[in-house]
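Printed here is model.cif (mmCIF, C-alpha atoms):
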```
data_data
loop_
_atom_site.label_atom_id
_atom_site.label_comp_id
_atom_site.auth_asym_id
_atom_site.auth_seq_id
_atom_site.Cartn_x
_atom_site.Cartn_y
_atom_site.Cartn_z
CA MET A 168 91.39 91.74 151.52
CA LYS A 169 88.57 89.47 152.66
CA TYR A 170 85.04 90.67 153.24
CA LYS A 171 82.76 89.09 155.80
CA LEU A 172 79.23 90.15 156.78
CA VAL A 173 77.73 88.75 159.96
CA ILE A 174 73.97 89.24 160.43
CA ASP A 175 73.07 89.00 164.09
CA LYS A 176 69.95 90.82 165.29
CA GLY A 177 71.07 90.67 168.92
CA ALA A 178 74.60 91.97 168.45
CA GLU A 179 75.86 95.53 168.84
CA GLU A 180 76.55 96.94 165.39
CA GLY A 181 80.11 97.83 164.47
CA VAL A 182 82.67 97.57 161.71
CA VAL A 183 86.07 96.07 162.48
CA VAL A 184 88.77 96.29 159.84
CA THR A 185 91.90 94.21 160.13
CA ALA A 186 94.72 95.61 158.02
CA ARG A 187 98.51 95.49 158.05
CA ALA A 188 98.73 99.27 157.76
CA PRO A 189 96.39 102.23 157.32
CA SER A 190 95.64 102.87 153.64
CA SER A 191 93.28 104.80 151.41
CA LEU A 192 90.83 101.91 151.74
CA THR A 193 90.85 101.98 155.55
CA ARG A 194 90.42 105.74 155.43
CA GLN A 195 87.46 105.50 153.08
CA ILE A 196 85.88 102.81 155.24
CA GLU A 197 86.42 104.97 158.31
CA ASP A 198 84.89 108.00 156.60
CA LEU A 199 81.94 105.92 155.40
CA VAL A 200 81.30 104.39 158.82
CA ARG A 201 81.62 107.73 160.57
CA SER A 202 79.34 109.46 158.07
CA PHE A 203 76.78 106.69 158.51
CA SER A 204 76.88 106.39 162.26
CA GLY A 205 77.81 109.88 163.33
CA PRO A 206 78.58 113.35 162.10
CA ASP A 207 80.89 113.85 159.14
CA HIS A 208 80.96 117.59 159.50
CA LEU A 209 81.15 120.42 162.00
CA LEU A 210 79.13 123.57 162.10
CA GLY A 211 81.30 126.62 161.67
CA PHE A 212 80.25 130.20 162.42
CA ARG A 213 81.75 133.23 160.73
CA GLU A 214 80.25 136.70 161.06
CA ASP A 215 76.60 136.11 160.06
CA GLU A 216 77.34 132.93 158.21
CA MET A 217 76.87 129.38 159.44
CA ARG A 218 78.48 126.68 157.35
CA LYS A 219 78.72 122.91 157.30
CA LEU A 220 82.41 122.07 157.28
CA ALA A 221 83.07 118.54 156.05
CA PHE A 222 85.86 116.94 158.06
CA GLY A 223 87.96 116.46 154.93
CA ASP A 224 87.73 120.16 154.02
CA ILE A 225 89.09 121.35 157.36
CA GLU A 226 92.80 122.13 157.36
CA CYS A 227 93.13 122.34 161.11
CA ILE A 228 91.28 123.18 164.26
CA THR A 229 93.05 125.46 166.65
CA VAL A 230 92.50 127.73 169.62
CA LEU A 231 92.87 131.41 168.75
CA ASP A 232 92.09 134.06 171.36
CA ARG A 233 90.61 131.32 173.56
CA LYS A 234 88.12 130.39 170.83
CA VAL A 235 88.09 127.07 168.97
CA MET A 236 88.46 127.87 165.28
CA ALA A 237 88.46 125.69 162.17
CA LEU A 238 90.40 126.78 159.11
CA ASP A 239 89.17 125.77 155.67
CA ALA A 240 91.15 125.30 152.45
CA GLN A 241 91.01 129.05 151.75
CA GLY A 242 92.31 129.86 155.20
CA ARG A 243 88.93 131.21 156.34
CA ARG A 244 88.38 130.91 160.07
CA TYR A 245 85.17 129.53 161.50
CA ARG A 246 84.22 129.49 165.15
CA ILE A 247 83.43 125.98 166.41
CA GLN A 248 81.25 125.40 169.44
CA GLU A 249 82.73 122.07 170.56
CA ARG A 250 85.76 121.93 172.81
CA LEU A 251 89.06 120.73 171.39
CA ARG A 252 89.14 117.81 173.83
CA ASP A 253 85.72 116.61 172.61
CA LEU A 254 86.65 117.11 168.97
CA GLU A 255 89.62 114.80 169.34
CA GLN A 256 87.22 111.95 170.07
CA LEU A 257 84.82 112.94 167.31
CA LEU A 258 87.18 113.55 164.40
CA PRO A 259 88.59 110.84 162.11
CA THR A 260 92.05 109.48 162.86
CA TYR A 261 93.63 111.58 160.12
CA PHE A 262 93.34 114.51 162.48
CA ILE A 263 96.53 114.57 164.49
CA ARG A 264 97.49 116.70 167.43
CA ILE A 265 100.47 118.94 166.63
CA ASN A 266 100.45 120.91 169.87
CA LYS A 267 98.18 121.27 172.86
CA SER A 268 95.96 123.76 171.03
CA THR A 269 95.82 122.40 167.48
CA LEU A 270 94.46 119.36 165.68
CA ALA A 271 95.74 119.09 162.12
CA ASN A 272 94.25 117.30 159.12
CA GLU A 273 97.30 115.35 158.00
CA HIS A 274 96.00 115.21 154.42
CA ARG A 275 96.17 119.00 154.33
CA ILE A 276 99.67 119.40 155.74
CA LEU A 277 101.96 120.61 152.99
CA ARG A 278 105.19 120.01 154.90
CA PHE A 279 106.98 120.32 158.20
CA ASP A 280 109.54 123.13 158.44
CA ALA A 281 112.56 123.19 160.72
CA ALA A 282 112.76 126.67 162.19
CA PHE A 283 116.04 128.44 162.94
CA SER A 284 115.05 128.50 166.58
CA GLY A 285 115.20 124.70 166.70
CA GLY A 286 111.43 124.32 166.62
CA VAL A 287 109.32 122.68 163.93
CA ASP A 288 106.31 124.23 162.16
CA ALA A 289 103.54 122.48 160.26
CA VAL A 290 102.70 124.33 157.05
CA PHE A 291 99.17 123.80 155.67
CA GLN A 292 97.99 124.01 152.09
CA CYS A 293 96.11 127.24 152.82
CA GLY A 294 99.39 128.82 153.95
CA TYR A 295 98.63 128.77 157.67
CA ARG A 296 101.47 127.55 159.85
CA ASP A 297 101.56 126.46 163.45
CA TYR A 298 104.27 125.07 165.68
CA VAL A 299 104.68 121.37 166.40
CA SER A 300 105.49 120.74 170.03
CA ARG A 301 108.40 118.42 170.80
CA ARG A 302 106.10 115.88 172.45
CA CYS A 303 103.68 115.84 169.50
CA PHE A 304 106.57 115.68 167.02
CA ALA A 305 107.77 112.48 168.68
CA GLU A 306 104.23 111.07 168.70
CA ILE A 307 103.70 111.85 165.00
CA ARG A 308 107.00 110.19 164.20
CA ARG A 309 106.06 107.08 166.16
CA ARG A 310 102.70 106.99 164.42
CA TYR A 311 104.26 107.23 160.94
CA GLU A 312 106.86 104.67 161.79
CA GLY A 313 104.02 102.38 162.84
CA LYS A 314 105.30 101.90 166.39
CA MET B 162 102.32 129.75 185.23
CA LYS B 163 101.76 128.88 188.89
CA GLY B 164 102.35 125.20 188.09
CA THR B 165 105.60 126.06 186.31
CA VAL B 166 106.86 128.06 189.30
CA LEU B 167 105.97 125.24 191.70
CA ASP B 168 107.69 122.76 189.40
CA PHE B 169 110.73 125.03 189.29
CA ILE B 170 110.89 125.02 193.12
CA ARG B 171 110.35 121.26 193.33
CA ARG B 172 113.09 120.50 190.79
CA GLY B 173 115.39 123.06 192.43
CA LEU B 174 114.93 121.53 195.89
CA ILE B 175 115.71 118.06 194.54
CA ALA B 176 118.87 119.29 192.79
CA CYS B 177 120.21 121.64 195.47
CA GLY B 178 121.48 118.75 197.59
CA PHE B 179 124.06 118.05 194.92
CA GLY B 180 125.61 121.52 195.30
CA PRO B 181 127.76 120.71 198.38
CA LEU B 182 128.79 117.42 196.74
CA VAL B 183 130.12 119.34 193.74
CA LEU B 184 131.87 121.68 196.17
CA VAL B 185 133.60 118.70 197.80
CA ALA B 186 134.94 117.71 194.38
CA VAL B 187 136.10 121.30 193.72
CA TYR B 188 137.92 121.47 197.08
CA LEU B 189 139.57 118.07 196.56
CA ILE B 190 140.76 119.10 193.09
CA ALA B 191 142.01 122.43 194.51
CA GLN B 192 143.94 120.53 197.20
CA ASP B 193 145.36 118.03 194.75
CA ARG B 194 146.20 120.39 191.88
CA ALA B 195 146.71 123.79 193.52
CA GLY B 196 148.06 122.57 196.86
CA ILE B 197 145.41 124.38 198.90
CA GLN B 198 145.53 122.95 202.43
CA THR B 199 143.40 125.37 204.48
CA LEU B 200 140.17 127.27 203.99
CA THR B 201 138.62 129.95 206.16
CA VAL B 202 135.18 129.48 207.70
CA ARG B 203 133.91 132.27 205.46
CA GLU B 204 135.23 130.54 202.33
CA VAL B 205 133.60 127.23 203.28
CA CYS B 206 130.24 128.83 204.15
CA LEU B 207 130.25 130.94 200.98
CA GLY B 208 131.15 127.88 198.93
CA ILE B 209 128.37 125.74 200.41
CA LEU B 210 125.73 128.46 200.11
CA SER B 211 126.65 129.55 196.58
CA LEU B 212 126.92 126.00 195.22
CA THR B 213 123.59 125.06 196.83
CA ALA B 214 121.98 128.10 195.22
CA LEU B 215 123.59 127.31 191.85
CA ALA B 216 122.42 123.69 191.99
CA PHE B 217 118.91 124.89 192.89
CA LEU B 218 118.94 127.23 189.90
CA ALA B 219 120.39 124.64 187.52
CA GLY B 220 117.90 121.97 188.60
CA GLY B 221 114.91 124.30 188.69
CA MET B 222 115.63 125.77 185.27
CA ASN B 223 115.10 122.37 183.67
CA VAL B 224 111.40 123.19 183.93
CA ILE B 225 111.88 125.45 180.92
CA TYR B 226 112.00 122.35 178.70
CA GLU B 227 108.46 121.49 179.80
CA VAL B 228 107.07 124.75 178.39
CA GLU B 229 105.49 123.41 175.22
CA ARG B 230 105.29 126.65 173.23
CA LEU B 231 108.99 127.33 173.59
CA PRO B 232 111.19 125.99 170.76
CA LEU B 233 114.12 123.94 171.94
CA MET B 234 116.64 126.64 171.07
CA GLY B 235 114.60 129.22 172.94
CA ALA B 236 114.53 126.98 175.99
CA ILE B 237 118.27 126.37 175.71
CA ALA B 238 118.94 130.10 175.29
CA ILE B 239 117.01 130.96 178.48
CA HIS B 240 118.50 128.01 180.33
CA GLY B 241 121.99 128.89 179.11
CA GLY B 242 121.59 132.59 179.93
CA VAL B 243 120.46 131.91 183.48
CA LEU B 244 123.19 129.33 184.02
CA TYR B 245 125.79 131.71 182.59
CA GLY B 246 124.81 134.34 185.15
CA GLY B 247 124.71 131.75 187.94
CA TYR B 248 128.10 130.24 187.14
CA LEU B 249 129.76 133.61 186.63
CA ALA B 250 128.43 134.94 189.95
CA THR B 251 129.47 131.74 191.79
CA TYR B 252 132.98 131.74 190.32
CA LEU B 253 133.51 135.41 191.11
CA LEU B 254 132.06 135.18 194.63
CA ASN B 255 134.28 132.25 195.53
CA GLY B 256 137.36 133.74 193.93
CA TRP B 257 137.66 130.90 191.40
CA LEU B 258 137.68 133.45 188.60
CA ALA B 259 139.66 136.65 188.93
CA TRP B 260 137.81 139.94 188.70
CA GLY B 261 138.65 141.79 185.50
CA ALA B 262 137.67 142.07 181.89
CA THR B 263 140.04 139.42 180.51
CA PRO B 264 139.04 136.45 182.75
CA ILE B 265 135.35 137.26 182.34
CA LEU B 266 135.72 137.58 178.57
CA VAL B 267 137.58 134.26 178.38
CA PHE B 268 134.92 132.58 180.53
CA SER B 269 132.14 134.14 178.39
CA GLY B 270 133.88 133.13 175.18
CA ILE B 271 134.12 129.50 176.27
CA PHE B 272 130.48 129.55 177.38
CA VAL B 273 129.28 131.05 174.08
CA LEU B 274 131.41 128.61 172.09
CA GLY B 275 129.82 125.71 173.94
CA TYR B 276 126.40 127.20 173.28
CA VAL B 277 127.07 127.57 169.54
CA VAL B 278 128.24 123.96 169.32
CA VAL B 279 125.08 122.78 171.10
CA TRP B 280 122.93 124.97 168.81
CA ALA B 281 124.60 123.59 165.66
CA ILE B 282 124.11 119.99 166.80
CA ILE B 283 120.45 120.52 167.70
CA TYR B 284 119.66 122.42 164.49
CA SER B 285 121.21 119.72 162.31
CA ILE B 286 119.32 116.99 164.22
CA THR B 287 116.02 118.93 163.91
CA ARG B 288 116.55 119.43 160.17
CA ARG B 289 117.32 115.76 159.66
CA ASP B 290 114.29 114.66 161.71
CA THR B 291 112.03 117.10 159.87
CA GLU B 292 113.20 115.84 156.48
CA GLN B 293 112.52 112.26 157.58
CA LEU B 294 109.06 113.26 158.80
CA ASN B 295 108.32 115.02 155.51
CA GLN B 296 109.31 111.90 153.63
CA MET B 297 106.98 109.77 155.79
CA LEU B 298 104.20 112.34 155.36
CA ARG B 299 104.56 112.26 151.58
CA GLU B 300 104.45 108.45 151.57
CA LYS B 301 101.36 108.46 153.76
CA GLN B 302 99.61 111.06 151.62
CA GLN B 303 100.41 109.09 148.44
CA GLU B 304 98.96 105.96 150.04
CA ASN B 305 95.72 107.84 150.61
CA ILE B 306 95.36 109.15 147.06
#
```

This structure in structure tokens:
Amino acid sequence: MKYKLVIDKGAEEGVVVTARAPSSLTRQIEDLVRSFSGPDHLLGFREDEMRKLAFGDIECITVLDRKVMALDAQGRRYRIQERLRDLEQLLPTYFIRINKSTLANEHRILRFDAAFSGGVDAVFQCGYRDYVSRRCFAEIRRRYEGK
Amino acid sequence: MKGTVLDFIRRGLIACGFGPLVLVAVYLIAQDRAGIQTLTVREVCLGILSLTALAFLAGGMNVIYEVERLPLMGAIAIHGGVLYGGYLATYLLNGWLAWGATPILVFSGIFVLGYVVVWAIIYSITRRDTEQLNQMLREKQQENI
């Protein structure tokens, strides 16, 4: 891969990566750029505790009892103040929507399970599972197939 | 919920126009195959009204597939259950199915058999798609290691 640095004091700063497919390198660049130019974590609240949750440590962000909650690797639930819609713009691209109420960290998805009911569940490394809507299932498939 | 009900009515109203068209086909087949030449006013009115209602129900119930939380089989079960009731009532009202345990059991058996076949097809497709997705997920995760 080529590297090119353009110094232009008048230009708007930005990093553009041209790649044939997403890879660990593009992910690391994305993480680096986001951590440099914007937040790389969310603030999570749990009982009396407030904790910095690095994006990579979050398994998923979901709406439970009308509250936006982030689940960490141990399955602990933290209340998040941002709205899910806003988080979708803020989070790195490895967060994928699996249904209208859940954004999943695809690095933390253990597997997808076909349920007897004909539905599909996403199973996370912490053991939490949530359904994948039919629309999101098709979108995830398209994304993985690179269409 | 309100949006779903309105969507149900909208879809039902679009579909209900097809009810009398289906009835025309039924009457033509009855004439051709069963030699029925005359119908009473009551039979025609009942046929038009019941088929319009059935088409409204069948069209409107498609909204169930838009309910995101509902797994496909759940949606099909509700859809199938409502249609079963609708078809059975229409057939009995119009005298296309004789009253009695045996005809209703035969009708129900055929309906359930169709449902099981649909379930088996969908389940096997879902399993296959899920396995493919798991494979793609594993490849993607390995790329990122």

Pick out the residues sitting within 12 Å of Met162 of chain B, and hand them over as a PyMOL selection string; count only C-alpha atoms, and ignore anything fewer than 2 positions along from it in its own chain. chain B and resi 164-169+224-225+227-228

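Within 6 Å of chain A, chain B contributes the residues B:Glu229, B:Pro232, B:Leu233, B:Met234, B:Tyr284, B:Arg288, B:Asn295, B:Glu304, B:Asn305, using only C-alpha atoms.
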
Reference answer for the PyMOL selection byres ((chain B and resi 213) around 10), as a list in words: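 Checking the PyMOL selection byres ((chain B and resi 213) around 10) against this file, the residues are Gly173, Leu174, Ala176, Cys177, Gly178, Phe179, Gly180, Pro181, Leu182, Val183, Leu184, Leu207, Gly208, Ile209, Leu210, Ser211, Leu212, Ala214, Leu215, Ala216, Phe217, Leu218 and Ala219 of chain B.
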
Hey, what's within 9 Å of segment 218-223 of chain A if we count all atoms listed in the file and toss same-chain stuff fewer than 2 positions away? As a tab-separated table (two decimals) with C-alpha atoms, in the frame of the given file, please?
```
chain	number	residue	atom	x	y	z
A	207	ASP	CA	80.89	113.85	159.14
A	208	HIS	CA	80.96	117.59	159.50
A	209	LEU	CA	81.15	120.42	162.00
A	210	LEU	CA	79.13	123.57	162.10
A	211	GLY	CA	81.30	126.62	161.67
A	212	PHE	CA	80.25	130.20	162.42
A	213	ARG	CA	81.75	133.23	160.73
A	216	GLU	CA	77.34	132.93	158.21
A	225	ILE	CA	89.09	121.35	157.36
A	226	GLU	CA	92.80	122.13	157.36
A	237	ALA	CA	88.46	125.69	162.17
A	239	ASP	CA	89.17	125.77	155.67
A	245	TYR	CA	85.17	129.53	161.50
A	258	LEU	CA	87.18	113.55	164.40
A	259	PRO	CA	88.59	110.84	162.11
A	272	ASN	CA	94.25	117.30	159.12
A	274	HIS	CA	96.00	115.21	154.42
A	275	ARG	CA	96.17	119.00	154.33
```

Output of the PyMOL selection byres ((chain B and resi 245) around 12), listed as number ranges by chain: B: 215, 218-219, 237-244, 246-252, 265, 268-273, 275-276

Residue neighbourhood Tyr170 of chain A, 12 Å, all atoms listed in the file, exclusion window fewer than 6 positions, as number ranges by chain: A: 182-186

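Considering the residues B:Lys301, B:Arg171, B:Trp280, B:Val267 and counting all atoms listed in the file, Ala236 of chain B has its shortest atom-to-atom contact with B:Trp280.
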
May I ask for the distance between atom CA of Glu214 of chain A and atom CA of Met236 of chain A, given in Å to one decimal place?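 If I compute the distance from atom CA of Glu214 of chain A to atom CA of Met236 of chain A, I get 12.8 Å.
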
List the residues sitting within 8 Å of (94.3, 118.0, 168.7) in the file's frame, using only C-alpha atoms, as number ranges by chain. A: 228-229, 251-252, 254-255, 262-271

Could you tell me how far atom CA of Tyr261 of chain A lies from atom CA of Arg310 of chain A, in Å and to one decimal? 11.0 Å

Just to confirm, what's the straight-line distance from atom CA of Arg246 of chain A to atom CA of Gly294 of chain A in Å (one decimal)?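 Rounded to one decimal, the two atoms are 18.9 Å apart.
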
Reconstruct N, CA and C atoms of segment 272-285 of chain A from the incomplete input and present them as a PDB file, in the frame of the given file.
```
ATOM      1  N   ASN A 272      94.641 118.303 160.108  1.00  0.00           N
ATOM      2  CA  ASN A 272      94.250 117.300 159.120  1.00  0.00           C
ATOM      3  C   ASN A 272      95.520 116.912 158.369  1.00  0.00           C
ATOM      4  N   GLU A 273      95.995 115.700 158.585  1.00  0.00           N
ATOM      5  CA  GLU A 273      97.300 115.350 158.000  1.00  0.00           C
ATOM      6  C   GLU A 273      97.270 115.317 156.474  1.00  0.00           C
ATOM      7  N   HIS A 274      96.074 115.167 155.890  1.00  0.00           N
ATOM      8  CA  HIS A 274      96.000 115.210 154.420  1.00  0.00           C
ATOM      9  C   HIS A 274      96.220 116.622 153.887  1.00  0.00           C
ATOM     10  N   ARG A 275      96.055 117.615 154.762  1.00  0.00           N
ATOM     11  CA  ARG A 275      96.170 119.000 154.330  1.00  0.00           C
ATOM     12  C   ARG A 275      97.487 119.654 154.769  1.00  0.00           C
ATOM     13  N   ILE A 276      98.354 118.843 155.367  1.00  0.00           N
ATOM     14  CA  ILE A 276      99.670 119.400 155.740  1.00  0.00           C
ATOM     15  C   ILE A 276     100.566 119.359 154.505  1.00  0.00           C
ATOM     16  N   LEU A 277     101.092 120.522 154.159  1.00  0.00           N
ATOM     17  CA  LEU A 277     101.960 120.610 152.990  1.00  0.00           C
ATOM     18  C   LEU A 277     103.347 120.049 153.326  1.00  0.00           C
ATOM     19  N   ARG A 278     103.873 120.482 154.461  1.00  0.00           N
ATOM     20  CA  ARG A 278     105.190 120.010 154.900  1.00  0.00           C
ATOM     21  C   ARG A 278     105.441 120.437 156.341  1.00  0.00           C
ATOM     22  N   PHE A 279     106.492 119.865 156.901  1.00  0.00           N
ATOM     23  CA  PHE A 279     106.980 120.320 158.200  1.00  0.00           C
ATOM     24  C   PHE A 279     108.253 121.129 157.940  1.00  0.00           C
ATOM     25  N   ASP A 280     108.385 122.238 158.631  1.00  0.00           N
ATOM     26  CA  ASP A 280     109.540 123.130 158.440  1.00  0.00           C
ATOM     27  C   ASP A 280     110.375 123.207 159.712  1.00  0.00           C
ATOM     28  N   ALA A 281     111.673 123.005 159.562  1.00  0.00           N
ATOM     29  CA  ALA A 281     112.560 123.190 160.720  1.00  0.00           C
ATOM     30  C   ALA A 281     112.852 124.680 160.850  1.00  0.00           C
ATOM     31  N   ALA A 282     112.520 125.236 161.986  1.00  0.00           N
ATOM     32  CA  ALA A 282     112.760 126.670 162.190  1.00  0.00           C
ATOM     33  C   ALA A 282     114.168 126.883 162.736  1.00  0.00           C
ATOM     34  N   PHE A 283     114.691 128.098 162.506  1.00  0.00           N
ATOM     35  CA  PHE A 283     116.040 128.440 162.940  1.00  0.00           C
ATOM     36  C   PHE A 283     116.168 128.366 164.458  1.00  0.00           C
ATOM     37  N   SER A 284     115.037 128.530 165.110  1.00  0.00           N
ATOM     38  CA  SER A 284     115.050 128.500 166.580  1.00  0.00           C
ATOM     39  C   SER A 284     115.168 127.084 167.127  1.00  0.00           C
ATOM     40  N   GLY A 285     115.134 126.092 166.241  1.00  0.00           N
ATOM     41  CA  GLY A 285     115.200 124.700 166.700  1.00  0.00           C
ATOM     42  C   GLY A 285     113.841 124.065 166.803  1.00  0.00           C
TER      43      GLY A 285
END
```
